[in-house]
Amino acid sequence: MRTIGTGMLAGLLGGVALGCVSLAGMTGTAVAKAPEYTFAMITHAQPGDTFWDIIRKGAEAAAKKDHVKLVYLNNPNASGEAQLITNVTQQHVDGIAATLAFPDAEDPALAQAEKAGIPVVGFNAGTSEWKKAGMMMYVGQDETIAGEAVGDRLNELGAKSVVCVDQQQGAIQLEARCDGIKKTFKGKMSVLYVNGYDMAGAQSRIVAKLQQDRDIDYVVTLGAPFAPTAIQAVKMANSKAKVATFDLNPQAVHLIQEGKLQFAVDQQPYVQGYEAVDFLWLYKTNGDVVGGGKPVLTGPTFVTSKNIAAVAKFAKRGTR
C-alpha cells in the first residue's frame, strides 16, 4: 500500500480548499447574477398620510430581500391611479402590486396588465373586489369585518351616538369601515365627510358636527392623522365625546399612552407592503399563489392602553 507523504497530502488538501473557494465563488456569482425583476407598487395614498410610509417601508424591505427593483407610485384620484397602472403596463414591468380603491376606474387598466401577462397582486383596498378585477392574490384587512369589530367594541364601551369621519368619499375601503360600524353598532351612527387632508377644514367640520349634536359620545376617524385633529375639535366644541381611530402611527401611539385616544385599529400596513412584493417574487421565481383563493388578512388588531407598551417600540422605528 502506497503511503502519501506530507507534502503530497498538503497539496491534495490545498486543492480541495481551492475547489471549495472556487465553488463558493461560483455560488456567490450565481446569486449576484440572479434574475432581477422590476415590480411597480401603485397606491391611492394622499400627501401627508404617514400610513403609507409604513406600507412603503415594508415593500422596500421585501424588495431588498428579494433583490428586485421597486417602483413606488401613488395618486389619490380614481383616474390618476388607473393611469399609473396603464403607464407601468406599457413599461413592461414584471409585476404590479396595486390598491383597488376605485374598481370602476381601475378594472380596465388592470385588464390590460393581465392581457400583457403581468401578474397583479392586490393589497390594502379591494378585499371584496380583487377577484372580479382578475388579481392573482390579495393581502390586507377586510374592512367590513374591521368596521363590525369597532361597532362591537363601541357597544362594549357603552357608546350611544357615534360619528364616523371619512376623508375620501368614494373610496370603497373607507365606506366599508363606516358601513361595518353601522351594521353592528346598536346606537345612533352618522358619517361626516371631510375634504382629504385639509386638517383645518376637517377640524372645523368636526367642531360644527359636535356643536350641532351634543349627544355624540364617540368620534371615530378612518385615518390615524385625523385622530389628533378630532381630539382638538372635541376640546374646541366643549364636547365630552371620546375619540378612536382606524390605523396607527407614532402620534396615535403617544395619544393612546396619554389616555387621549381610546383605541386604534391596526391593519399592520408594514406586512401589507412586504407581502405584496414578496407574493409577486414567489410567483415569478416559484410559481406560488398564496391564499387558496381567499384574501390573506393582516387585521384588524386593536391597540389600546393595555398593549400599547408592546407596540410602541415598533412604532418608534416606523414599522407599526
# chains A, B, ... in the order shown; residues from 1 in each chain; ligands from 1
call {"tool": "residues_around", "arguments": {"residues": "Lys160 in chain A", "least_positions_apart": "2", "cutoff": "10 Å", "atoms": "only C-alpha atoms", "output": "ChimeraX atom specification"}}
result
/A:154-155,157-158,162,185-189,215-218
call {"tool": "residues_around", "arguments": {"residues": "Tyr138 in chain A", "least_positions_apart": "6", "cutoff": "9 Å", "atoms": "only C-alpha atoms", "output": "ChimeraX atom specification"}}
result
/A:121-124,126-127,130-131,276,290-291,293-297
call {"tool": "write_last_selection", "arguments": {"atoms": "N, CA, C and O atoms", "output": "short mmCIF file (atom, residue, chain, number, x, y, z; two decimals), in the first residue's frame"}}
result
data_model
loop_
_atom_site.label_atom_id
_atom_site.label_comp_id
_atom_site.auth_asym_id
_atom_site.auth_seq_id
_atom_site.Cartn_x
_atom_site.Cartn_y
_atom_site.Cartn_z
N VAL A 121 -50.99 41.69 -7.96
CA VAL A 121 -51.37 41.38 -6.59
C VAL A 121 -52.10 42.59 -6.01
O VAL A 121 -51.63 43.73 -6.16
N GLY A 122 -53.22 42.37 -5.35
CA GLY A 122 -53.94 43.44 -4.70
C GLY A 122 -53.56 43.52 -3.23
O GLY A 122 -53.21 42.51 -2.62
N PHE A 123 -53.63 44.72 -2.67
CA PHE A 123 -53.36 44.86 -1.24
C PHE A 123 -54.04 46.12 -0.71
O PHE A 123 -54.35 47.04 -1.47
N ASN A 124 -54.33 46.10 0.57
CA ASN A 124 -54.85 47.24 1.32
C ASN A 124 -56.29 47.62 1.01
O ASN A 124 -57.09 47.80 1.92
N GLY A 126 -59.76 46.76 -1.52
CA GLY A 126 -60.37 45.91 -2.54
C GLY A 126 -60.61 44.49 -2.09
O GLY A 126 -60.67 43.58 -2.91
N THR A 127 -60.82 44.30 -0.80
CA THR A 127 -61.00 42.95 -0.26
C THR A 127 -62.14 42.20 -0.93
O THR A 127 -62.05 40.99 -1.15
N TRP A 130 -61.19 42.21 -5.46
CA TRP A 130 -59.94 41.83 -6.12
C TRP A 130 -60.10 40.66 -7.08
O TRP A 130 -59.47 40.64 -8.14
N LYS A 131 -60.95 39.71 -6.74
CA LYS A 131 -61.14 38.56 -7.65
C LYS A 131 -61.81 38.99 -8.95
O LYS A 131 -61.40 38.57 -10.04
N ALA A 276 -47.07 42.03 -0.33
CA ALA A 276 -47.47 42.32 -1.70
C ALA A 276 -46.30 42.12 -2.65
O ALA A 276 -46.43 41.53 -3.73
N VAL A 290 -50.54 32.35 -3.27
CA VAL A 290 -50.80 32.23 -1.83
C VAL A 290 -52.24 32.62 -1.50
O VAL A 290 -52.81 33.52 -2.12
N GLY A 291 -52.83 31.93 -0.54
CA GLY A 291 -54.14 32.31 -0.03
C GLY A 291 -55.26 31.35 -0.37
O GLY A 291 -56.36 31.46 0.18
N GLY A 293 -57.20 31.23 -2.89
CA GLY A 293 -58.37 31.91 -3.42
C GLY A 293 -59.05 32.84 -2.43
O GLY A 293 -60.07 33.45 -2.73
N LYS A 294 -58.48 32.95 -1.24
CA LYS A 294 -59.02 33.84 -0.21
C LYS A 294 -58.02 34.96 0.07
O LYS A 294 -56.82 34.80 -0.17
N PRO A 295 -58.47 36.08 0.60
CA PRO A 295 -57.52 37.14 0.97
C PRO A 295 -56.68 36.72 2.16
O PRO A 295 -57.15 36.00 3.04
N VAL A 296 -55.43 37.16 2.18
CA VAL A 296 -54.56 36.94 3.34
C VAL A 296 -54.76 38.15 4.25
O VAL A 296 -54.39 39.28 3.90
N LEU A 297 -55.37 37.94 5.41
CA LEU A 297 -55.76 39.05 6.28
C LEU A 297 -54.64 39.47 7.23
O LEU A 297 -53.98 38.64 7.83
#
call {"tool": "residues_around", "arguments": {"residues": "Ser305 in chain A", "least_positions_apart": "2", "cutoff": "7 Å", "atoms": "only C-alpha atoms", "output": "NGL selection string"}}
result
:A and (256-257 or 307-308)
call {"tool": "write_last_selection", "arguments": {"atoms": "N, CA and C atoms", "output": "tab-separated table (two decimals), in the first residue's frame"}}
result
chain	number	residue	atom	x	y	z
A	256	ILE	N	-52.56	57.35	22.72
A	256	ILE	CA	-53.08	56.23	23.49
A	256	ILE	C	-52.36	56.15	24.84
A	257	GLN	N	-51.05	56.34	24.82
A	257	GLN	CA	-50.28	56.32	26.07
A	257	GLN	C	-50.72	57.42	27.03
A	307	ASN	N	-52.10	47.11	25.62
A	307	ASN	CA	-51.00	46.50	24.88
A	307	ASN	C	-50.09	47.52	24.18
A	308	ILE	N	-50.29	48.80	24.48
A	308	ILE	CA	-49.54	49.84	23.79
A	308	ILE	C	-48.04	49.75	24.04
call {"tool": "residues_around", "arguments": {"residues": "Gln173 in chain A", "least_positions_apart": "3", "cutoff": "7 Å", "atoms": "only C-alpha atoms", "output": "list in words"}}
result
Ala101, Ala125, Gly126, Glu143, Ala176 and Arg177 of chain A
call {"tool": "atom_distance", "arguments": {"atom1": "CA of Phe302 in chain A", "atom2": "CA of Thr144 in chain A"}}
result
15.0 Å
call {"tool": "closest_residue", "arguments": {"among": "A:Met236, A:Val71, A:Val289, A:Ala113", "to": "Gln83 in chain A", "atoms": "only C-alpha atoms"}}
result
A:Ala113
call {"tool": "closest_residue", "arguments": {"among": "A:Gly196, A:Gly48, A:Pro119, A:Pro250", "to": "Ala315 in chain A", "atoms": "only C-alpha atoms"}}
result
A:Pro250
call {"tool": "closest_residue", "arguments": {"among": "A:Ala171, A:Val163, A:Ala61, A:Val93", "to": "Ala105 in chain A", "atoms": "only C-alpha atoms"}}
result
A:Ala171
call {"tool": "residues_around", "arguments": {"residues": "Ile55 in chain A", "least_positions_apart": "3", "cutoff": "12 Å", "atoms": "only C-alpha atoms", "output": "PyMOL selection string"}}
result
chain A and resi 41-45+49-52+58-62+72+74+97-99+123-124+139-140+247-249+267-277+318-320
call {"tool": "closest_residue", "arguments": {"among": "A:Ala309, A:Met199, A:Ile172, A:Ala78", "to": "Ala233 in chain A", "atoms": "only C-alpha atoms"}}
result
A:Met199
call {"tool": "select_by_dssp", "arguments": {"residues": "range 100-274 of chain A", "states": "strand (DSSP E or B)", "output": "PDB file with N, CA, C and O atoms, in the first residue's frame"}}
result
ATOM      1  N   VAL A 120     -50.596  40.486 -11.201  1.00  0.00           N
ATOM      2  CA  VAL A 120     -51.046  41.609 -10.371  1.00  0.00           C
ATOM      3  C   VAL A 120     -51.511  41.096  -9.012  1.00  0.00           C
ATOM      4  O   VAL A 120     -52.330  40.176  -8.932  1.00  0.00           O
ATOM      5  N   VAL A 121     -50.989  41.693  -7.963  1.00  0.00           N
ATOM      6  CA  VAL A 121     -51.375  41.380  -6.587  1.00  0.00           C
ATOM      7  C   VAL A 121     -52.096  42.594  -6.008  1.00  0.00           C
ATOM      8  O   VAL A 121     -51.632  43.726  -6.160  1.00  0.00           O
ATOM      9  N   GLY A 122     -53.223  42.370  -5.352  1.00  0.00           N
ATOM     10  CA  GLY A 122     -53.938  43.445  -4.696  1.00  0.00           C
ATOM     11  C   GLY A 122     -53.556  43.519  -3.229  1.00  0.00           C
ATOM     12  O   GLY A 122     -53.208  42.506  -2.617  1.00  0.00           O
ATOM     13  N   PHE A 123     -53.632  44.718  -2.673  1.00  0.00           N
ATOM     14  CA  PHE A 123     -53.360  44.863  -1.241  1.00  0.00           C
ATOM     15  C   PHE A 123     -54.040  46.119  -0.710  1.00  0.00           C
ATOM     16  O   PHE A 123     -54.354  47.037  -1.469  1.00  0.00           O
ATOM     17  N   MET A 137     -53.684  37.443  -6.231  1.00  0.00           N
ATOM     18  CA  MET A 137     -53.649  37.286  -4.771  1.00  0.00           C
ATOM     19  C   MET A 137     -54.018  38.616  -4.130  1.00  0.00           C
ATOM     20  O   MET A 137     -53.998  39.657  -4.790  1.00  0.00           O
ATOM     21  N   TYR A 138     -54.322  38.566  -2.848  1.00  0.00           N
ATOM     22  CA  TYR A 138     -54.675  39.801  -2.131  1.00  0.00           C
ATOM     23  C   TYR A 138     -54.218  39.693  -0.683  1.00  0.00           C
ATOM     24  O   TYR A 138     -54.406  38.665  -0.021  1.00  0.00           O
ATOM     25  N   VAL A 139     -53.637  40.778  -0.177  1.00  0.00           N
ATOM     26  CA  VAL A 139     -53.240  40.835   1.229  1.00  0.00           C
ATOM     27  C   VAL A 139     -53.734  42.148   1.823  1.00  0.00           C
ATOM     28  O   VAL A 139     -53.561  43.216   1.247  1.00  0.00           O
ATOM     29  N   GLY A 140     -54.406  42.037   2.961  1.00  0.00           N
ATOM     30  CA  GLY A 140     -54.905  43.257   3.600  1.00  0.00           C
ATOM     31  C   GLY A 140     -55.905  42.940   4.685  1.00  0.00           C
ATOM     32  O   GLY A 140     -56.016  41.806   5.153  1.00  0.00           O
ATOM     33  N   SER A 161     -73.954  57.300  20.648  1.00  0.00           N
ATOM     34  CA  SER A 161     -74.047  58.068  19.407  1.00  0.00           C
ATOM     35  C   SER A 161     -72.646  58.288  18.844  1.00  0.00           C
ATOM     36  O   SER A 161     -71.782  58.854  19.512  1.00  0.00           O
ATOM     37  N   VAL A 162     -72.423  57.840  17.610  1.00  0.00           N
ATOM     38  CA  VAL A 162     -71.088  57.853  17.021  1.00  0.00           C
ATOM     39  C   VAL A 162     -71.094  58.567  15.680  1.00  0.00           C
ATOM     40  O   VAL A 162     -72.041  58.422  14.891  1.00  0.00           O
ATOM     41  N   VAL A 163     -70.037  59.332  15.398  1.00  0.00           N
ATOM     42  CA  VAL A 163     -69.852  59.915  14.084  1.00  0.00           C
ATOM     43  C   VAL A 163     -68.580  59.318  13.482  1.00  0.00           C
ATOM     44  O   VAL A 163     -67.540  59.237  14.131  1.00  0.00           O
ATOM     45  N   CYS A 164     -68.698  58.860  12.247  1.00  0.00           N
ATOM     46  CA  CYS A 164     -67.591  58.243  11.526  1.00  0.00           C
ATOM     47  C   CYS A 164     -67.051  59.277  10.533  1.00  0.00           C
ATOM     48  O   CYS A 164     -67.776  59.707   9.633  1.00  0.00           O
ATOM     49  N   VAL A 165     -65.800  59.676  10.674  1.00  0.00           N
ATOM     50  CA  VAL A 165     -65.208  60.734   9.854  1.00  0.00           C
ATOM     51  C   VAL A 165     -64.468  60.127   8.666  1.00  0.00           C
ATOM     52  O   VAL A 165     -63.454  59.459   8.822  1.00  0.00           O
ATOM     53  N   ASP A 166     -64.989  60.374   7.467  1.00  0.00           N
ATOM     54  CA  ASP A 166     -64.458  59.791   6.220  1.00  0.00           C
ATOM     55  C   ASP A 166     -63.751  60.881   5.415  1.00  0.00           C
ATOM     56  O   ASP A 166     -64.363  61.857   4.989  1.00  0.00           O
ATOM     57  N   LYS A 188     -76.899  55.285  17.707  1.00  0.00           N
ATOM     58  CA  LYS A 188     -77.055  56.167  16.549  1.00  0.00           C
ATOM     59  C   LYS A 188     -75.700  56.352  15.885  1.00  0.00           C
ATOM     60  O   LYS A 188     -74.696  56.570  16.554  1.00  0.00           O
ATOM     61  N   MET A 189     -75.663  56.291  14.563  1.00  0.00           N
ATOM     62  CA  MET A 189     -74.398  56.416  13.843  1.00  0.00           C
ATOM     63  C   MET A 189     -74.577  57.273  12.595  1.00  0.00           C
ATOM     64  O   MET A 189     -75.549  57.129  11.860  1.00  0.00           O
ATOM     65  N   SER A 190     -73.657  58.212  12.373  1.00  0.00           N
ATOM     66  CA  SER A 190     -73.706  59.069  11.186  1.00  0.00           C
ATOM     67  C   SER A 190     -72.306  59.161  10.584  1.00  0.00           C
ATOM     68  O   SER A 190     -71.307  58.884  11.251  1.00  0.00           O
ATOM     69  N   VAL A 191     -72.267  59.538   9.304  1.00  0.00           N
ATOM     70  CA  VAL A 191     -70.986  59.683   8.601  1.00  0.00           C
ATOM     71  C   VAL A 191     -70.755  61.159   8.297  1.00  0.00           C
ATOM     72  O   VAL A 191     -71.659  61.857   7.821  1.00  0.00           O
ATOM     73  N   LEU A 192     -69.538  61.629   8.581  1.00  0.00           N
ATOM     74  CA  LEU A 192     -69.155  63.007   8.291  1.00  0.00           C
ATOM     75  C   LEU A 192     -68.004  62.986   7.287  1.00  0.00           C
ATOM     76  O   LEU A 192     -66.936  62.452   7.573  1.00  0.00           O
ATOM     77  N   TYR A 193     -68.228  63.557   6.101  1.00  0.00           N
ATOM     78  CA  TYR A 193     -67.186  63.599   5.082  1.00  0.00           C
ATOM     79  C   TYR A 193     -66.362  64.876   5.223  1.00  0.00           C
ATOM     80  O   TYR A 193     -66.905  65.968   5.405  1.00  0.00           O
ATOM     81  N   TYR A 218     -68.821  59.518  20.763  1.00  0.00           N
ATOM     82  CA  TYR A 218     -67.600  58.945  20.173  1.00  0.00           C
ATOM     83  C   TYR A 218     -67.399  59.478  18.760  1.00  0.00           C
ATOM     84  O   TYR A 218     -68.344  59.526  17.958  1.00  0.00           O
ATOM     85  N   VAL A 219     -66.186  59.892  18.491  1.00  0.00           N
ATOM     86  CA  VAL A 219     -65.764  60.269  17.143  1.00  0.00           C
ATOM     87  C   VAL A 219     -64.779  59.209  16.680  1.00  0.00           C
ATOM     88  O   VAL A 219     -63.764  58.964  17.341  1.00  0.00           O
ATOM     89  N   VAL A 220     -65.079  58.560  15.553  1.00  0.00           N
ATOM     90  CA  VAL A 220     -64.182  57.541  15.013  1.00  0.00           C
ATOM     91  C   VAL A 220     -63.613  58.050  13.696  1.00  0.00           C
ATOM     92  O   VAL A 220     -64.361  58.292  12.740  1.00  0.00           O
ATOM     93  N   THR A 221     -62.304  58.243  13.643  1.00  0.00           N
ATOM     94  CA  THR A 221     -61.662  58.689  12.411  1.00  0.00           C
ATOM     95  C   THR A 221     -61.168  57.478  11.629  1.00  0.00           C
ATOM     96  O   THR A 221     -60.838  56.438  12.208  1.00  0.00           O
ATOM     97  N   LYS A 242     -65.457  61.009  23.133  1.00  0.00           N
ATOM     98  CA  LYS A 242     -64.145  60.376  23.117  1.00  0.00           C
ATOM     99  C   LYS A 242     -63.779  60.071  21.675  1.00  0.00           C
ATOM    100  O   LYS A 242     -64.632  60.059  20.788  1.00  0.00           O
ATOM    101  N   VAL A 243     -62.495  59.815  21.435  1.00  0.00           N
ATOM    102  CA  VAL A 243     -62.006  59.627  20.068  1.00  0.00           C
ATOM    103  C   VAL A 243     -61.312  58.272  19.926  1.00  0.00           C
ATOM    104  O   VAL A 243     -60.553  57.847  20.799  1.00  0.00           O
ATOM    105  N   ALA A 244     -61.596  57.604  18.825  1.00  0.00           N
ATOM    106  CA  ALA A 244     -60.907  56.362  18.455  1.00  0.00           C
ATOM    107  C   ALA A 244     -60.569  56.469  16.974  1.00  0.00           C
ATOM    108  O   ALA A 244     -61.101  57.330  16.267  1.00  0.00           O
ATOM    109  N   THR A 245     -59.687  55.614  16.490  1.00  0.00           N
ATOM    110  CA  THR A 245     -59.288  55.717  15.093  1.00  0.00           C
ATOM    111  C   THR A 245     -58.992  54.368  14.464  1.00  0.00           C
ATOM    112  O   THR A 245     -58.644  53.408  15.157  1.00  0.00           O
ATOM    113  N   PHE A 246     -59.139  54.315  13.172  1.00  0.00           N
ATOM    114  CA  PHE A 246     -58.579  53.216  12.385  1.00  0.00           C
ATOM    115  C   PHE A 246     -57.134  53.597  12.067  1.00  0.00           C
ATOM    116  O   PHE A 246     -56.819  54.777  11.904  1.00  0.00           O
ATOM    117  N   ALA A 264     -56.888  52.243  18.679  1.00  0.00           N
ATOM    118  CA  ALA A 264     -56.606  52.307  17.246  1.00  0.00           C
ATOM    119  C   ALA A 264     -56.788  50.911  16.669  1.00  0.00           C
ATOM    120  O   ALA A 264     -56.485  49.916  17.327  1.00  0.00           O
ATOM    121  N   VAL A 265     -57.307  50.844  15.457  1.00  0.00           N
ATOM    122  CA  VAL A 265     -57.481  49.565  14.770  1.00  0.00           C
ATOM    123  C   VAL A 265     -56.323  49.412  13.787  1.00  0.00           C
ATOM    124  O   VAL A 265     -56.267  50.103  12.776  1.00  0.00           O
ATOM    125  N   ASP A 266     -55.403  48.539  14.111  1.00  0.00           N
ATOM    126  CA  ASP A 266     -54.184  48.399  13.315  1.00  0.00           C
ATOM    127  C   ASP A 266     -54.347  47.294  12.279  1.00  0.00           C
ATOM    128  O   ASP A 266     -54.587  46.137  12.616  1.00  0.00           O
TER     129      ASP A 266
END
call {"tool": "residues_around", "arguments": {"residues": "Lys284 in chain A", "least_positions_apart": "4", "cutoff": "9 Å", "atoms": "only C-alpha atoms", "output": "number ranges by chain"}}
result
A: 37, 94-95, 119, 279-280, 288
call {"tool": "write_last_selection", "arguments": {"atoms": "all heavy atoms", "output": "short mmCIF file (atom, residue, chain, number, x, y, z; two decimals), in the first residue's frame"}}
result
data_model
loop_
_atom_site.label_atom_id
_atom_site.label_comp_id
_atom_site.auth_asym_id
_atom_site.auth_seq_id
_atom_site.Cartn_x
_atom_site.Cartn_y
_atom_site.Cartn_z
N TYR A 37 -36.02 41.41 -11.12
CA TYR A 37 -37.32 41.84 -11.62
C TYR A 37 -37.59 43.28 -11.21
O TYR A 37 -37.05 43.78 -10.23
CB TYR A 37 -38.42 40.94 -11.06
CG TYR A 37 -38.28 39.49 -11.44
CD1 TYR A 37 -37.92 38.53 -10.49
CD2 TYR A 37 -38.50 39.07 -12.75
CE1 TYR A 37 -37.79 37.19 -10.84
CE2 TYR A 37 -38.37 37.74 -13.12
CZ TYR A 37 -38.01 36.80 -12.15
OH TYR A 37 -37.87 35.49 -12.50
N ASP A 94 -42.36 43.68 -14.42
CA ASP A 94 -42.50 42.23 -14.23
C ASP A 94 -43.64 41.85 -13.29
O ASP A 94 -44.01 40.68 -13.20
CB ASP A 94 -41.19 41.66 -13.70
CG ASP A 94 -40.04 41.90 -14.67
OD1 ASP A 94 -40.12 41.38 -15.79
OD2 ASP A 94 -39.08 42.62 -14.31
N GLY A 95 -44.17 42.83 -12.57
CA GLY A 95 -45.28 42.56 -11.66
C GLY A 95 -45.83 43.86 -11.12
O GLY A 95 -45.12 44.87 -11.04
N PRO A 119 -48.32 39.68 -13.80
CA PRO A 119 -49.06 39.28 -12.60
C PRO A 119 -49.39 40.49 -11.74
O PRO A 119 -48.57 41.39 -11.59
CB PRO A 119 -48.08 38.34 -11.89
CG PRO A 119 -46.73 38.74 -12.38
CD PRO A 119 -46.93 39.20 -13.80
N PHE A 279 -45.13 38.29 -2.51
CA PHE A 279 -46.02 37.40 -3.25
C PHE A 279 -45.68 37.42 -4.75
O PHE A 279 -45.69 36.38 -5.41
CB PHE A 279 -47.48 37.81 -3.06
CG PHE A 279 -48.07 37.44 -1.72
CD1 PHE A 279 -49.36 37.82 -1.38
CD2 PHE A 279 -47.34 36.70 -0.80
CE1 PHE A 279 -49.91 37.48 -0.15
CE2 PHE A 279 -47.89 36.35 0.44
CZ PHE A 279 -49.16 36.75 0.76
N LEU A 280 -45.41 38.61 -5.28
CA LEU A 280 -45.02 38.71 -6.68
C LEU A 280 -43.73 37.95 -6.94
O LEU A 280 -43.60 37.23 -7.94
CB LEU A 280 -44.85 40.18 -7.08
CG LEU A 280 -46.12 41.01 -7.25
CD1 LEU A 280 -45.78 42.48 -7.41
CD2 LEU A 280 -46.94 40.52 -8.44
N ASP A 288 -45.68 30.30 -7.11
CA ASP A 288 -46.56 30.20 -5.94
C ASP A 288 -47.72 31.17 -6.03
O ASP A 288 -47.55 32.34 -6.40
CB ASP A 288 -45.77 30.49 -4.66
CG ASP A 288 -44.73 29.43 -4.36
OD1 ASP A 288 -45.04 28.24 -4.49
OD2 ASP A 288 -43.59 29.81 -4.01
#
call {"tool": "decode", "arguments": {"residues": "range 33-49 of chain A", "atoms": "N, CA, C and O atoms", "output": "mmCIF file, in the first residue's frame"}}
result
data_model
loop_
_atom_site.group_PDB
_atom_site.id
_atom_site.type_symbol
_atom_site.label_atom_id
_atom_site.label_comp_id
_atom_site.auth_asym_id
_atom_site.auth_seq_id
_atom_site.Cartn_x
_atom_site.Cartn_y
_atom_site.Cartn_z
ATOM 1 N N LYS A 33 -25.961 37.304 -9.873
ATOM 2 C CA LYS A 33 -26.471 37.468 -11.231
ATOM 3 C C LYS A 33 -27.881 36.881 -11.399
ATOM 4 O O LYS A 33 -28.328 36.660 -12.521
ATOM 5 N N ALA A 34 -28.536 36.580 -10.275
ATOM 6 C CA ALA A 34 -29.897 36.047 -10.345
ATOM 7 C C ALA A 34 -30.800 37.052 -11.055
ATOM 8 O O ALA A 34 -30.567 38.257 -10.993
ATOM 9 N N PRO A 35 -31.823 36.567 -11.740
ATOM 10 C CA PRO A 35 -32.712 37.479 -12.480
ATOM 11 C C PRO A 35 -33.248 38.581 -11.567
ATOM 12 O O PRO A 35 -33.729 38.319 -10.469
ATOM 13 N N GLU A 36 -33.136 39.798 -12.036
ATOM 14 C CA GLU A 36 -33.657 40.927 -11.259
ATOM 15 C C GLU A 36 -34.950 41.392 -11.910
ATOM 16 O O GLU A 36 -34.972 41.724 -13.089
ATOM 17 N N TYR A 37 -36.015 41.415 -11.124
ATOM 18 C CA TYR A 37 -37.317 41.837 -11.624
ATOM 19 C C TYR A 37 -37.593 43.281 -11.214
ATOM 20 O O TYR A 37 -37.050 43.779 -10.226
ATOM 21 N N THR A 38 -38.456 43.920 -11.958
ATOM 22 C CA THR A 38 -38.933 45.254 -11.602
ATOM 23 C C THR A 38 -40.418 45.158 -11.276
ATOM 24 O O THR A 38 -41.219 44.774 -12.134
ATOM 25 N N PHE A 39 -40.758 45.489 -10.039
ATOM 26 C CA PHE A 39 -42.148 45.466 -9.599
ATOM 27 C C PHE A 39 -42.621 46.899 -9.350
ATOM 28 O O PHE A 39 -41.884 47.710 -8.775
ATOM 29 N N ALA A 40 -43.829 47.194 -9.764
ATOM 30 C CA ALA A 40 -44.427 48.502 -9.518
ATOM 31 C C ALA A 40 -45.444 48.388 -8.396
ATOM 32 O O ALA A 40 -46.294 47.493 -8.408
ATOM 33 N N MET A 41 -45.370 49.287 -7.427
ATOM 34 C CA MET A 41 -46.372 49.368 -6.366
ATOM 35 C C MET A 41 -47.133 50.668 -6.557
ATOM 36 O O MET A 41 -46.540 51.755 -6.568
ATOM 37 N N ILE A 42 -48.450 50.541 -6.721
ATOM 38 C CA ILE A 42 -49.287 51.704 -7.019
ATOM 39 C C ILE A 42 -50.372 51.826 -5.961
ATOM 40 O O ILE A 42 -51.134 50.882 -5.726
ATOM 41 N N THR A 43 -50.458 52.995 -5.327
ATOM 42 C CA THR A 43 -51.422 53.196 -4.243
ATOM 43 C C THR A 43 -52.245 54.464 -4.470
ATOM 44 O O THR A 43 -51.922 55.299 -5.318
ATOM 45 N N HIS A 44 -53.280 54.578 -3.662
ATOM 46 C CA HIS A 44 -54.130 55.778 -3.699
ATOM 47 C C HIS A 44 -53.756 56.727 -2.562
ATOM 48 O O HIS A 44 -54.587 57.517 -2.101
ATOM 49 N N ALA A 45 -52.516 56.654 -2.117
ATOM 50 C CA ALA A 45 -52.055 57.469 -0.982
ATOM 51 C C ALA A 45 -52.256 58.955 -1.242
ATOM 52 O O ALA A 45 -52.006 59.452 -2.338
ATOM 53 N N GLN A 46 -52.701 59.638 -0.195
ATOM 54 C CA GLN A 46 -52.824 61.086 -0.251
ATOM 55 C C GLN A 46 -51.610 61.714 0.421
ATOM 56 O O GLN A 46 -51.088 61.174 1.402
ATOM 57 N N PRO A 47 -51.132 62.841 -0.074
ATOM 58 C CA PRO A 47 -49.995 63.518 0.550
ATOM 59 C C PRO A 47 -50.278 63.818 2.019
ATOM 60 O O PRO A 47 -51.373 64.243 2.366
ATOM 61 N N GLY A 48 -49.296 63.540 2.859
ATOM 62 C CA GLY A 48 -49.439 63.850 4.277
ATOM 63 C C GLY A 48 -49.915 62.702 5.134
ATOM 64 O O GLY A 48 -49.933 62.819 6.359
ATOM 65 N N ASP A 49 -50.282 61.578 4.521
ATOM 66 C CA ASP A 49 -50.750 60.427 5.302
ATOM 67 C C ASP A 49 -49.573 59.504 5.588
ATOM 68 O O ASP A 49 -49.091 58.787 4.702
#
